[in-house]
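Working notes, beginning with the structure itself.
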Amino acid sequence: MRRTKKLLKSEYDKFFSEKHTTVNGLIKMHKMKGKLYFELPINLLNRDMLLGSTVSEISDNANAIIGSKPTDPIHFRFSKMNDIICMNLVQSENINSDQDENIQRSIAKSNIDAILETFKISVYTPDSSAVVFDVTDFFVGDNKLMTPFDKYSANLSWGMRRSEIFQKDKSSLGEIKAFPDNVLIRSNLSYTYTISGSRGTSAKDIPFTALMTRSIILLEETPYRPRITDSRIAIFPVQITDYSAKEQKTKNIYYAYRWRLEPSDMEAYKRGEKVEPKKPIVFYIDNNFPEKWRKYIKEGVNQWNELFSEIGFKDAIKAVDFPENDPEFDPDNIKYSCIRYAPIAIENAMGPSWVDPRSGEILSASVYLYHDAIELLNNWLFIQTSQADKRVRHTLIPDEIIGDGLRYVISHEVGHCLGFMHNMSASSVIPVDSLRSPSFTQKYGTTTSIMDYARFNYVAQPGDMERGVKLTPPRFGEYDRFLVKWNYTPLPNASTAKDEYKITSKWISELSGNPIYRYGKQQGQIIDPKSQTEDLGDNAMKASEYGIKNLKYILENLNNWVDKEDPDYSYRTSIYNGVIMQYLTYLMHVYGNVGGIYLNEKHVGDKVEAVMSVPAEKQKAAVKFLLDQISSMDWINNKELMKEISLMGSPADLLRNEVMKAVIASPNKVELSALKAEKNAYTVTDCLEDIYQYVWKPTLSGEKLSENQIKMQNLFVKYVGIGAGIKIGKEAKTKSLSGEGFIGIPDFLRG
């Protein structure tokens, strides 16, 4: 009888002898007995990868919203060390552009990859082409680099703090997927959390669970050629440090955030023909959005094709619905860019992006639209345009008007996803009177860039809309056109990033004499008054005068407009608070001119001054404007509304107190500006004299004081005394506008 030879099982087969789930892709993954095993091909060792972490489901979206990525992607490589696989954090921010072998060798030794995690090799494949290791604890653990808690979440507003305790026994592995270019792992993570702040603990040991999706993508071996940017243009940068012997110093280089947008037919492109890109930018639209919003959201994306067309691309960017029957599509996979809906009462939208840190190439981007962004639009439209637009004088503004505002919000956020920062000086180059011109506003809108925080046309007066004055921002401004040209125009004749920069830098310098093409940085404390948020026009006093006139008109007519639509006064309460805050915003714009300094980024040869003080006459006018407002604020105490709306104290008195505090601080504010002024400085003495004469002139002239004048003088004595360290009475605290019935005040008015 013939004997058959029994085949011996390999160690690999023995290891996976029990029933388990396997998925094949970039990395083969096995799910067995509640554990996750990677089968990593040896040829992927030391390859650059990104690991992104996305919230898929959550028990409390005040900690993070669905679709959000609370942490930056992890740039890593796998390496093998004896019987251990190391997951190493890559440091790519230090380079030597000279290709000097000595310097490069030293940089490599000084910036080795840091080991983030180690995994013991469980088994090799039979042909030794891959290693198997257990990654369960990494993906089902409390890893702060992949936390489900967002630092920008609603629970952390108003200075609150959050502490979390991971519940390992309540956490588990979820679904796994694998594709040729990436893999996806889901984990159910459970915690308890506590929220506390200066007023104590608001939530303690609250159970919390999040379904997290972690996706790993393989980066190109050769990064996309970066486009070097500089501080004169509103492009998000990746900072790289160059150790070059030629420069004789360490130099920071900044790579622009930009998509890999390449012509599908370069020769046709060179001939001036419009061509499609090899790979368009695609945004997938959340299927959970209300149906009536969807067309406006898509238009907010697709309208950017107007500018891409001007640089030779057609269909460069697309908005498409979530695919319904595509097994590969997953909105939480880092390789897909999505616009997500967040059902939470936050008045905001965001547009973050994630890049290859070696080059600045944008790999993925998201827009998050929080539900109450619609309420914010409603308030903006009513408070900023109802004086001129009869259509918005309702608690529910018509869908087509709200929809167009939504399109504007989305187009702004998509701009961020294209690599564009805010340009806060864009609206300041428009003459205030032009904002009342039908021909000008129809062509240019309210700003030269939708990446500004310019809003609706609050300068327009009753009757202006009938004359043809446009009340909304433009689809695009001239600066937006320049951003797309600068960041995305292919330069096939340039052989290196430095060659490209010689061209793109020249573009900025050539236009430096035109303020339309200047970049105004977003500021915390306002130094440069032309780079403020929510402002319009080149003269804050003039624009605010128009705006305040409109606020008075709106308050006088508010009851007549919405009385039958607002039976519980909730809408009028919201609008009244909004009017107060809008008024404060106008005052803030004016106050920014006091001690203001115009700042412009400048390179040699640019036709602009880097630093200039705001002219003395403008600062003087700003101080007088604020004092005039302090003496005439009683209009904000609308008696008809205050009878029905519960407010804390007198809005006028609260405003007067805060604004007077700011005015008394003005002399300190003008000191630096005076030092920078080459001539005709507005000095500390000038400022003190202007305030003193305004406040005390009636007394010095022997006039009988009005109630408002008495209040102003009392506040003058109070805040001068506080500034001098003099105790006044029992130092009773003045009620703040942040109390009940108000929604908060700008920091500049807090003293």
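For the structure tokens, the naming scheme is as follows: chains receive sequential letters (A, B, ...) according to their order of presentation, residues are indexed from 1 within each chain, and ligands are indexed from 1 in presentation order.
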DSSP-assigned strand (DSSP E) among stretch 127-227 of chain A, expressed as a PyMOL selection string: chain A and resi 130-134+161-166+172-178+182-197+200-218
Emit the selected residues as a short mmCIF file (atom, residue, chain, number, x, y, z; two decimals), in the first residue's frame, including N, CA and C atoms.
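selection.cif written:
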data_model
loop_
_atom_site.label_atom_id
_atom_site.label_comp_id
_atom_site.auth_asym_id
_atom_site.auth_seq_id
_atom_site.Cartn_x
_atom_site.Cartn_y
_atom_site.Cartn_z
N ALA A 130 5.87 39.18 4.67
CA ALA A 130 5.09 40.07 5.54
C ALA A 130 5.21 39.59 6.98
N VAL A 131 4.97 40.52 7.91
CA VAL A 131 5.00 40.20 9.33
C VAL A 131 3.62 40.45 9.92
N VAL A 132 3.26 39.66 10.92
CA VAL A 132 1.96 39.78 11.57
C VAL A 132 2.18 40.25 13.01
N PHE A 133 1.40 41.24 13.43
CA PHE A 133 1.52 41.73 14.80
C PHE A 133 0.18 42.27 15.28
N ASP A 134 0.01 42.26 16.58
CA ASP A 134 -1.24 42.63 17.24
C ASP A 134 -1.26 44.15 17.47
N ARG A 161 -13.08 73.51 31.25
CA ARG A 161 -12.06 72.48 31.13
C ARG A 161 -12.72 71.10 31.18
N ARG A 162 -12.07 70.15 30.51
CA ARG A 162 -12.63 68.80 30.47
C ARG A 162 -11.56 67.81 30.89
N SER A 163 -11.92 66.89 31.76
CA SER A 163 -11.03 65.78 32.12
C SER A 163 -11.74 64.48 31.76
N GLU A 164 -10.97 63.50 31.27
CA GLU A 164 -11.57 62.25 30.81
C GLU A 164 -10.89 61.06 31.47
N ILE A 165 -11.66 60.01 31.68
CA ILE A 165 -11.13 58.74 32.18
C ILE A 165 -11.55 57.65 31.20
N PHE A 166 -10.57 56.96 30.64
CA PHE A 166 -10.84 55.92 29.65
C PHE A 166 -11.40 54.67 30.32
N SER A 172 -14.18 48.50 22.56
CA SER A 172 -14.01 47.29 21.74
C SER A 172 -13.66 47.64 20.31
N LEU A 173 -13.17 46.64 19.60
CA LEU A 173 -12.85 46.76 18.18
C LEU A 173 -14.13 46.70 17.36
N GLY A 174 -14.18 47.49 16.29
CA GLY A 174 -15.33 47.50 15.41
C GLY A 174 -14.99 46.97 14.03
N GLU A 175 -15.65 47.51 13.02
CA GLU A 175 -15.50 47.06 11.64
C GLU A 175 -14.10 47.37 11.10
N ILE A 176 -13.63 46.52 10.19
CA ILE A 176 -12.37 46.78 9.49
C ILE A 176 -12.61 46.71 7.98
N LYS A 177 -11.92 47.57 7.23
CA LYS A 177 -12.00 47.57 5.77
C LYS A 177 -10.60 47.76 5.22
N ALA A 178 -10.37 47.22 4.03
CA ALA A 178 -9.06 47.39 3.39
C ALA A 178 -9.25 47.65 1.90
N ASN A 182 -5.42 52.13 0.98
CA ASN A 182 -5.50 52.46 2.40
C ASN A 182 -6.29 51.40 3.16
N VAL A 183 -6.28 51.52 4.50
CA VAL A 183 -7.06 50.63 5.35
C VAL A 183 -7.84 51.46 6.35
N LEU A 184 -8.87 50.85 6.93
CA LEU A 184 -9.78 51.57 7.82
C LEU A 184 -10.14 50.68 9.00
N ILE A 185 -10.03 51.23 10.21
CA ILE A 185 -10.31 50.48 11.44
C ILE A 185 -11.27 51.30 12.29
N ARG A 186 -12.34 50.66 12.76
CA ARG A 186 -13.26 51.35 13.65
C ARG A 186 -13.12 50.80 15.07
N SER A 187 -13.27 51.72 16.02
CA SER A 187 -13.15 51.36 17.44
C SER A 187 -14.26 52.04 18.22
N ASN A 188 -14.90 51.28 19.12
CA ASN A 188 -15.86 51.85 20.07
C ASN A 188 -15.10 52.19 21.35
N LEU A 189 -15.01 53.47 21.65
CA LEU A 189 -14.25 53.92 22.81
C LEU A 189 -15.18 54.54 23.84
N SER A 190 -15.04 54.14 25.09
CA SER A 190 -15.89 54.65 26.16
C SER A 190 -15.06 55.36 27.23
N TYR A 191 -15.64 56.40 27.77
CA TYR A 191 -14.98 57.23 28.78
C TYR A 191 -16.03 57.69 29.79
N THR A 192 -15.56 58.31 30.85
CA THR A 192 -16.38 59.25 31.62
C THR A 192 -15.65 60.58 31.57
N TYR A 193 -16.42 61.67 31.60
CA TYR A 193 -15.77 62.99 31.55
C TYR A 193 -16.41 63.94 32.55
N THR A 194 -15.62 64.93 32.94
CA THR A 194 -16.06 65.97 33.87
C THR A 194 -15.76 67.33 33.26
N ILE A 195 -16.71 68.25 33.35
CA ILE A 195 -16.54 69.61 32.84
C ILE A 195 -16.51 70.57 34.03
N SER A 196 -15.49 71.39 34.10
CA SER A 196 -15.37 72.35 35.21
C SER A 196 -14.81 73.66 34.69
N GLY A 197 -14.97 74.68 35.51
CA GLY A 197 -14.47 76.01 35.15
C GLY A 197 -14.38 76.88 36.38
N GLY A 200 -17.08 76.45 38.98
CA GLY A 200 -17.31 75.13 39.53
C GLY A 200 -17.51 74.08 38.47
N THR A 201 -18.03 72.93 38.88
CA THR A 201 -18.22 71.78 38.00
C THR A 201 -19.62 71.76 37.44
N SER A 202 -19.73 71.72 36.11
CA SER A 202 -21.05 71.71 35.47
C SER A 202 -21.48 70.30 35.08
N ALA A 203 -20.55 69.38 34.98
CA ALA A 203 -20.88 67.99 34.66
C ALA A 203 -19.81 67.10 35.28
N LYS A 204 -20.21 66.02 35.90
CA LYS A 204 -19.24 65.17 36.59
C LYS A 204 -19.47 63.70 36.27
N ASP A 205 -18.39 63.03 35.86
CA ASP A 205 -18.39 61.59 35.60
C ASP A 205 -19.52 61.17 34.66
N ILE A 206 -19.64 61.90 33.55
CA ILE A 206 -20.69 61.62 32.57
C ILE A 206 -20.22 60.51 31.64
N PRO A 207 -21.01 59.44 31.46
CA PRO A 207 -20.61 58.38 30.51
C PRO A 207 -20.57 58.92 29.08
N PHE A 208 -19.62 58.43 28.30
CA PHE A 208 -19.43 58.95 26.94
C PHE A 208 -18.87 57.83 26.06
N THR A 209 -19.45 57.68 24.88
CA THR A 209 -18.96 56.68 23.93
C THR A 209 -18.86 57.29 22.55
N ALA A 210 -17.78 56.96 21.84
CA ALA A 210 -17.58 57.43 20.47
C ALA A 210 -17.14 56.26 19.60
N LEU A 211 -17.73 56.19 18.41
CA LEU A 211 -17.24 55.25 17.40
C LEU A 211 -16.25 56.02 16.54
N MET A 212 -14.99 55.61 16.60
CA MET A 212 -13.93 56.30 15.88
C MET A 212 -13.50 55.48 14.66
N THR A 213 -13.25 56.19 13.56
CA THR A 213 -12.72 55.57 12.36
C THR A 213 -11.30 56.05 12.16
N ARG A 214 -10.36 55.09 12.13
CA ARG A 214 -8.95 55.43 11.89
C ARG A 214 -8.58 54.90 10.52
N SER A 215 -8.03 55.75 9.68
CA SER A 215 -7.65 55.31 8.33
C SER A 215 -6.18 55.63 8.08
N ILE A 216 -5.52 54.68 7.43
CA ILE A 216 -4.10 54.82 7.11
C ILE A 216 -3.96 54.91 5.60
N ILE A 217 -3.26 55.94 5.14
CA ILE A 217 -2.98 56.08 3.71
C ILE A 217 -1.47 56.10 3.49
N LEU A 218 -1.06 55.59 2.36
CA LEU A 218 0.35 55.55 1.99
C LEU A 218 0.68 56.82 1.21
#
As a PyMOL selection string, please: the residues near A:Ala454 (cut-off 9 Å, only C-alpha atoms, same-chain neighbours under 2 positions excluded). chain A and resi 424+426-427+446-447+449-452+456-457+473+533-536
Counting only C-alpha atoms, what is within 12 Å of A:Met642, bar same-chain residues fewer than 4 positions away, as a list in words? Leu555, Asn559, Tyr569, Arg572, Thr573, Tyr576, Asn577, Trp635, Ile636, Asn637, Asn638, Ser646, Leu647, Met648, Gly649, Ser650, Pro651, Ala652 and Gly741 of chain A
Residues from last step as file, C-alpha atoms, as a PDB file, in the first residue's frame:
ATOM      1  CA  LEU A 555     -35.273  99.095  16.646  1.00  0.00           C
ATOM      2  CA  ASN A 559     -42.382  95.505  16.739  1.00  0.00           C
ATOM      3  CA  TYR A 569     -40.931  87.795  22.078  1.00  0.00           C
ATOM      4  CA  ARG A 572     -37.255  90.179  19.309  1.00  0.00           C
ATOM      5  CA  THR A 573     -35.097  89.343  22.315  1.00  0.00           C
ATOM      6  CA  TYR A 576     -32.410  93.235  20.412  1.00  0.00           C
ATOM      7  CA  ASN A 577     -29.328  91.497  21.813  1.00  0.00           C
ATOM      8  CA  TRP A 635     -31.667 105.328  21.929  1.00  0.00           C
ATOM      9  CA  ILE A 636     -30.543 101.779  22.710  1.00  0.00           C
ATOM     10  CA  ASN A 637     -32.988 101.758  25.678  1.00  0.00           C
ATOM     11  CA  ASN A 638     -36.017 101.141  23.492  1.00  0.00           C
ATOM     12  CA  SER A 646     -36.531  91.016  30.329  1.00  0.00           C
ATOM     13  CA  LEU A 647     -33.127  92.690  30.275  1.00  0.00           C
ATOM     14  CA  MET A 648     -30.713  93.169  33.138  1.00  0.00           C
ATOM     15  CA  GLY A 649     -30.480  96.874  33.934  1.00  0.00           C
ATOM     16  CA  SER A 650     -30.155  99.647  31.368  1.00  0.00           C
ATOM     17  CA  PRO A 651     -28.352  98.642  28.151  1.00  0.00           C
ATOM     18  CA  ALA A 652     -27.314 102.267  27.629  1.00  0.00           C
ATOM     19  CA  GLY A 741     -30.092  88.922  28.796  1.00  0.00           C
TER      20      GLY A 741
END
A:Pro490, A:Lys35, A:Leu40, A:Leu377 ranked by distance to A:Asp265, top pick (using only C-alpha atoms):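 Answer, going by the shortest atom-to-atom distance: A:Pro490.
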DSSP on the backbone, then: every residue of stretch 387-521 of chain A marked helix (DSSP H, G or I), written as a PyMOL selection string. chain A and resi 390-392+399-417+426-429+432-436+438-444+478-488+497-510+515-517
